[in-house]
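Pasted below: model-v7.txt, compact mmCIF, C-alpha atoms.
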```
# COMPACT_ATOMS: atom_id res chain seq x y z
CA MET A 772 15.14 1.73 -6.34
CA THR A 773 18.08 4.09 -5.97
CA GLN A 774 20.45 4.74 -8.81
CA PRO A 775 20.91 1.25 -10.20
CA THR A 776 24.35 0.35 -11.38
CA ASN A 777 25.23 -2.55 -13.58
CA GLU A 778 28.23 -3.53 -11.55
CA PRO A 779 28.21 -7.15 -10.46
CA SER A 780 27.46 -7.65 -6.81
CA ASP A 781 28.42 -10.41 -4.42
CA ALA A 782 27.03 -13.93 -4.66
CA LEU A 783 23.54 -12.59 -5.25
CA GLY A 784 24.50 -10.99 -8.54
CA LEU A 785 22.46 -7.89 -7.73
CA PRO A 786 23.65 -4.28 -7.78
CA PRO A 787 25.29 -3.49 -4.42
CA SER A 788 23.88 0.02 -4.48
CA ILE A 789 20.41 -1.51 -4.17
CA VAL A 790 20.82 -4.82 -2.40
CA SER A 791 23.15 -5.73 0.42
CA HIS A 792 23.54 -9.22 1.75
CA ASP A 793 24.35 -10.36 5.25
CA PRO A 794 25.30 -14.04 4.99
CA ALA A 795 25.61 -14.45 8.76
CA ASP A 796 22.05 -13.27 9.31
CA GLY A 797 20.69 -14.80 6.12
CA ALA A 798 19.07 -11.48 5.32
CA VAL A 799 19.04 -9.15 2.36
CA THR A 800 18.48 -5.44 2.62
CA VAL A 801 16.88 -3.65 -0.30
CA THR A 802 17.30 0.11 -0.60
CA VAL A 803 14.33 1.94 -2.05
CA ASP A 804 13.94 5.49 -3.29
CA ALA A 805 11.23 7.19 -1.23
CA VAL A 806 10.36 9.56 -4.07
CA LEU A 807 9.41 6.71 -6.38
CA TYR A 808 7.88 4.48 -3.75
CA PRO A 809 5.66 6.12 -1.10
CA LEU A 810 5.49 4.73 2.40
CA GLU A 811 2.01 3.31 1.79
CA ALA A 812 3.36 1.23 -1.08
CA LEU A 813 6.21 0.06 1.11
CA TYR A 814 3.78 -0.93 3.85
CA GLY A 815 1.65 -2.81 1.36
CA ALA A 816 4.50 -4.78 -0.15
CA ALA A 817 6.09 -5.51 3.22
CA TYR A 818 2.80 -6.66 4.69
CA ILE A 819 2.32 -9.18 1.91
CA PHE A 820 5.71 -10.69 2.72
CA ILE A 821 5.31 -11.13 6.46
CA ASP A 822 3.80 -14.59 6.04
CA ARG A 823 7.01 -15.95 4.51
CA CYS A 824 9.69 -13.48 5.59
CA PHE A 825 10.82 -11.53 8.59
CA VAL A 826 10.59 -7.94 7.50
CA LEU A 827 12.09 -4.82 9.01
CA LEU A 828 11.64 -1.39 7.49
CA ASP A 829 13.95 1.51 8.13
CA ARG A 830 14.89 4.92 6.84
CA PRO A 831 18.68 5.04 6.80
CA ARG A 832 18.66 8.60 5.47
CA ASP A 833 16.19 11.13 4.11
CA GLY A 834 14.57 10.06 0.88
CA VAL A 835 15.54 6.42 1.21
CA TRP A 836 13.74 3.43 2.67
CA SER A 837 15.44 0.16 3.45
CA VAL A 838 13.75 -3.20 3.69
CA SER A 839 15.44 -6.14 5.39
CA LEU A 840 14.10 -9.53 4.41
CA SER A 841 15.01 -12.91 5.80
CA SER A 842 13.22 -16.11 4.98
CA LYS A 843 11.17 -17.77 7.73
CA LYS A 844 12.17 -21.15 6.35
CA GLY A 845 15.81 -20.28 6.79
CA ASP A 846 16.45 -20.67 3.08
CA ALA A 847 19.36 -18.29 2.60
CA THR A 848 20.81 -19.63 -0.64
CA PRO A 849 21.72 -16.95 -3.18
CA GLU A 850 19.01 -18.22 -5.52
CA ALA A 851 16.33 -18.01 -2.84
CA LEU A 852 17.43 -14.56 -1.72
CA ARG A 853 17.60 -13.31 -5.29
CA ALA A 854 14.09 -14.61 -5.93
CA MET A 855 12.86 -13.01 -2.72
CA VAL A 856 14.31 -9.63 -3.70
CA GLY A 857 12.84 -9.89 -7.18
CA GLU A 858 9.39 -10.77 -5.90
CA PHE A 859 9.52 -7.98 -3.38
CA ALA A 860 10.55 -5.46 -6.03
CA ASN A 861 7.68 -6.57 -8.25
CA GLU A 862 5.21 -6.33 -5.41
CA LEU A 863 6.53 -2.91 -4.44
CA LEU A 864 6.06 -1.66 -7.98
CA ALA A 865 2.52 -3.04 -8.08
CA GLN A 866 1.70 -1.38 -4.77
CA ALA A 867 3.15 1.95 -5.88
CA TRP A 868 1.13 1.80 -9.09
CA ARG A 869 -2.01 0.98 -7.13
CA GLN A 870 -1.40 3.97 -4.87
CA LYS A 871 -1.01 6.21 -7.89
CA ILE A 872 -4.29 5.01 -9.37
CA ILE A 873 -6.05 5.57 -6.06
CA GLU A 874 -4.70 9.12 -5.86
CA GLU A 875 -5.69 9.90 -9.43
CA ASN A 876 -9.19 8.53 -8.95
CA ARG A 877 -9.70 9.99 -5.51
CA ALA A 878 -11.93 12.81 -6.77
CA VAL A 879 -14.15 10.38 -8.71
CA LEU A 880 -14.39 8.01 -5.75
CA GLU A 881 -15.30 10.83 -3.39
CA THR A 882 -17.92 12.17 -5.79
CA VAL A 883 -19.55 8.78 -6.26
CA THR A 884 -19.49 8.11 -2.53
CA THR A 885 -20.98 11.51 -1.77
CA GLN A 886 -23.76 10.98 -4.30
CA ALA A 887 -24.47 7.51 -2.91
CA LEU A 888 -24.67 8.87 0.62
CA ALA A 889 -26.83 11.78 -0.48
CA GLY A 890 -29.18 9.32 -2.19
CA ALA A 891 -29.34 7.23 0.95
CA MET A 892 -30.48 10.24 2.93
CA GLY A 893 -33.94 9.87 1.41
CA PRO A 894 -36.11 11.80 -1.01
CA PRO A 895 -35.95 15.61 -1.11
CA THR A 896 -38.38 17.54 1.04
CA LEU A 897 -41.01 19.88 -0.33
CA ASP A 898 -38.81 22.81 0.61
CA ASP A 899 -35.93 21.28 -1.37
CA LEU A 900 -38.19 20.84 -4.38
CA ALA A 901 -39.56 24.36 -4.04
CA ALA A 902 -36.04 25.71 -4.03
CA PHE A 903 -34.91 23.56 -6.97
CA ASP A 904 -34.12 25.40 -10.16
CA PHE A 905 -36.05 23.76 -12.99
CA THR A 906 -35.23 26.43 -15.53
CA GLU A 907 -32.08 24.70 -16.68
CA GLU A 908 -32.23 24.01 -20.41
CA GLY A 909 -32.07 20.47 -21.68
CA PHE A 910 -28.83 19.09 -23.02
CA ASP A 911 -28.09 18.95 -26.69
CA ASP A 912 -29.35 15.71 -28.25
CA PRO A 913 -28.83 15.87 -32.01
CA LEU A 914 -29.16 12.09 -32.48
CA GLY A 915 -32.33 11.87 -30.46
CA ILE A 916 -30.89 9.34 -28.03
CA ALA A 917 -32.85 10.75 -25.10
CA MET A 918 -36.12 10.82 -27.01
CA SER A 919 -38.89 8.39 -26.36
CA TRP A 920 -40.01 5.93 -29.05
CA GLU A 921 -43.26 7.83 -29.55
CA GLU A 922 -41.48 11.12 -30.05
CA LYS A 923 -39.14 9.55 -32.56
CA GLN A 924 -41.97 7.96 -34.50
CA GLN A 925 -43.92 11.23 -34.59
CA LYS A 926 -40.92 13.06 -35.93
CA LYS A 927 -40.28 10.34 -38.49
CA SER A 928 -43.88 10.34 -39.73
CA ALA A 929 -43.85 14.12 -39.97
CA LYS A 930 -40.73 13.97 -42.15
CA ASP A 931 -41.82 11.06 -44.32
CA PRO A 932 -45.56 10.98 -44.65
CA GLU A 933 -46.80 7.60 -45.68
CA PRO A 934 -47.21 7.34 -49.43
CA LYS A 935 -50.80 7.44 -50.56
CA PRO A 936 -52.03 4.19 -52.01
CA MET B 893 20.81 -9.91 23.39
CA THR B 894 19.32 -8.79 20.11
CA GLU B 895 18.02 -5.38 19.19
CA ARG B 896 15.49 -4.14 16.68
CA ARG B 897 15.47 -0.51 15.65
CA PHE B 898 12.09 0.90 14.67
CA HIS B 899 12.12 4.21 12.86
CA LYS B 900 9.48 6.53 14.29
CA ALA B 901 8.41 7.73 10.84
CA ILE B 902 7.63 4.15 9.84
CA TYR B 903 6.50 2.48 13.06
CA PRO B 904 4.15 4.59 15.21
CA THR B 905 4.69 4.36 18.93
CA SER B 906 1.42 2.49 19.36
CA ALA B 907 2.56 -0.26 16.97
CA VAL B 908 5.87 -0.78 18.73
CA ASP B 909 4.28 -0.67 22.17
CA GLY B 910 1.58 -3.10 21.05
CA ALA B 911 4.15 -5.54 19.74
CA VAL B 912 6.24 -5.24 22.88
CA ALA B 913 3.18 -5.91 25.03
CA ALA B 914 2.30 -8.96 22.94
CA PHE B 915 5.78 -10.47 23.12
CA ALA B 916 6.68 -9.51 26.67
CA ARG B 917 5.89 -13.05 27.87
CA PHE B 918 8.40 -14.62 25.48
CA ALA B 919 11.47 -12.56 26.37
CA ALA B 920 12.78 -9.74 28.49
CA LEU B 921 12.09 -6.64 26.42
CA THR B 922 13.37 -3.16 27.08
CA VAL B 923 12.50 -0.13 25.00
CA ARG B 924 14.51 3.05 24.68
CA ASP B 925 14.48 6.11 22.46
CA GLU B 926 17.51 6.70 20.32
CA GLY B 927 17.13 9.70 18.03
CA GLU B 928 14.65 8.86 15.30
CA HIS B 929 14.39 5.26 16.40
CA ARG B 930 12.77 3.32 19.16
CA VAL B 931 15.06 0.48 20.03
CA VAL B 932 13.70 -2.74 21.46
CA ALA B 933 16.27 -4.95 23.15
CA VAL B 934 15.34 -8.61 23.36
CA ALA B 935 17.02 -10.85 25.89
CA THR B 936 16.42 -14.55 26.40
CA ALA B 937 18.38 -17.42 27.84
CA LYS B 938 19.18 -18.70 24.35
CA PRO B 939 20.53 -16.18 21.79
CA GLU B 940 18.80 -17.88 18.84
CA ARG B 941 15.50 -17.56 20.63
CA ALA B 942 16.10 -13.83 21.14
CA LEU B 943 16.68 -13.42 17.41
CA ARG B 944 13.48 -15.29 16.62
CA VAL B 945 11.46 -13.22 19.09
CA ALA B 946 12.95 -9.99 17.73
CA ARG B 947 12.08 -10.94 14.18
CA GLU B 948 8.54 -12.00 15.06
CA LEU B 949 8.11 -8.82 17.08
CA ALA B 950 9.08 -6.72 14.06
CA ASN B 951 6.58 -8.55 11.86
CA TYR B 952 3.89 -8.11 14.48
CA ALA B 953 4.62 -4.38 14.73
CA LEU B 954 4.29 -4.09 10.95
CA GLY B 955 0.97 -5.88 11.14
CA LEU B 956 -0.22 -3.41 13.78
CA VAL B 957 0.82 -0.52 11.55
CA ARG B 958 -1.30 -1.90 8.73
CA GLU B 959 -4.24 -2.54 11.03
CA ALA B 960 -4.10 1.02 12.30
CA GLU B 961 -4.14 2.27 8.72
CA LYS B 962 -7.40 0.50 7.87
```

Rewrite the coordinates I just gave you, this time as structure tokens.
Amino acid sequence: MTQPTNEPSDALGLPPSIVSHDPADGAVTVTVDAVLYPLEALYGAAYIFIDRCFVLLDRPRDGVWSVSLSSKKGDATPEALRAMVGEFANELLAQAWRQKIIEENRAVLETVTTQALAGAMGPPTLDDLAAFDFTEEGFDDPLGIAMSWEEKQQKKSAKDPEPKP
Amino acid sequence: MTERRFHKAIYPTSAVDGAVAAFARFAALTVRDEGEHRVVAVATAKPERALRVARELANYALGLVREAEK
């Protein structure tokens, strides 16, 4: 949202810098900061509302999105409009957060997908195996987590030989 | 007559054209370019019907945008 102010608004009781109300049309227009909320988040939130609202997106100026919402049921009471704006703002925030998580995890997702696809391509050929470098040293395993049960038992018996009867 | 202004950065041409094609049988629709917007004018015999068609058309265009994204 853009620069919220605490000034009282019209009948909606929402900041006029963020929400404008057109009583004749029964619509509210929410102004959204494009830096905080990417277009994908705006699409996502708006799409969720098209089953109960008429939605129109716009860009009144650079760096600002506007979302016009009007109820399909024609419920244009201040309470209904205020609730609609609140729900939309919540949904927009959730969508923006989801987008951020997707962006942050993009590398992991791509890596996992690539590995899955590579695995689906089938086993390596003899040439692949011939070219594979097996000289890599094993990883450090001080707790013996990667050891087999037999190896562990051998090591244990070597350390603590059974007491003679 | 009612108009709906679709910003080109938000609504791709294909989405607006698709919506116009879908709603052409419900109203007389004319499309024109106006700067960064594509403006769809909706004309019907009854003004309230034009408003309804314009609103539904906008929702439909948004749906097409989302479909194209998937």

Using only C-alpha atoms and a distance of at most 8 Å, pull out the residues of chain B that contact chain A, as a ChimeraX atom specification. /B:897-899,902,947-948,950-951,954-955,958

Export of the given selection (C-alpha atoms) as a short mmCIF file (atom, residue, chain, number, x, y, z; two decimals), keeping the file's coordinate frame:
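The result, stored in again33.cif:
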```cif
data_model
loop_
_atom_site.label_atom_id
_atom_site.label_comp_id
_atom_site.auth_asym_id
_atom_site.auth_seq_id
_atom_site.Cartn_x
_atom_site.Cartn_y
_atom_site.Cartn_z
CA ARG B 897 15.47 -0.51 15.65
CA PHE B 898 12.09 0.90 14.67
CA HIS B 899 12.12 4.21 12.86
CA ILE B 902 7.63 4.15 9.84
CA ARG B 947 12.08 -10.94 14.18
CA GLU B 948 8.54 -12.00 15.06
CA ALA B 950 9.08 -6.72 14.06
CA ASN B 951 6.58 -8.55 11.86
CA LEU B 954 4.29 -4.09 10.95
CA GLY B 955 0.97 -5.88 11.14
CA ARG B 958 -1.30 -1.90 8.73
#
```

Using all atoms listed in the file for the distances, tell me which of A:Leu900, A:Ala847, A:Ala867, A:Leu783 is nearest to Tyr808 in chain A.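 Between A:Leu900, A:Ala847, A:Ala867, A:Leu783, the residue approaching Tyr808 in chain A most closely is A:Ala867.
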
Quick one: residues within 9 Å of Pro939 in chain B, only C-alpha atoms counted, chain neighbours fewer than 5 positions away excluded, as a list in words? Met893, Thr894 and Arg944 of chain B

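In this model, the gap between CA of Leu864 in chain A and CA of Leu807 in chain A comes to 9.2 Å.
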
Point-to-point distance from CA of Leu949 in chain B to CA of Glu850 in chain A, Å rounded to tenths: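 It comes out at 26.8 Å.
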
To one decimal place in Å, what is the distance between CA of Leu863 in chain A and CA of Ala816 in chain A?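 Spanning CA of Leu863 in chain A to CA of Ala816 in chain A is a straight-line distance of 5.1 Å.
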
Would you kindly identify which residues have an atom no farther than 10 Å from (10.9, -17.5, 26.5), using only C-alpha atoms and the file's own coordinates, and write them out as a PyMOL selection string? chain B and resi 915-920+935-938+941-942+945

Mind listing as a list in words all residues within 8 Å of (14.8, -3.9, -3.6), counting all atoms listed in the file?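 Residues with an atom close enough to that point: Met772, Ile789, Val790, Thr800, Val801, Thr802, Val803, Val838, Val856, Gly857, Phe859 and Ala860 of chain A.
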
Selection near range 910-913 of chain B, 7 Å with all atoms listed in the file, sequence-local residues under 3 positions removed, as a list in words: Ser906, Ala907, Ala916, Leu921, Leu949, Tyr952 and Ala953 of chain B
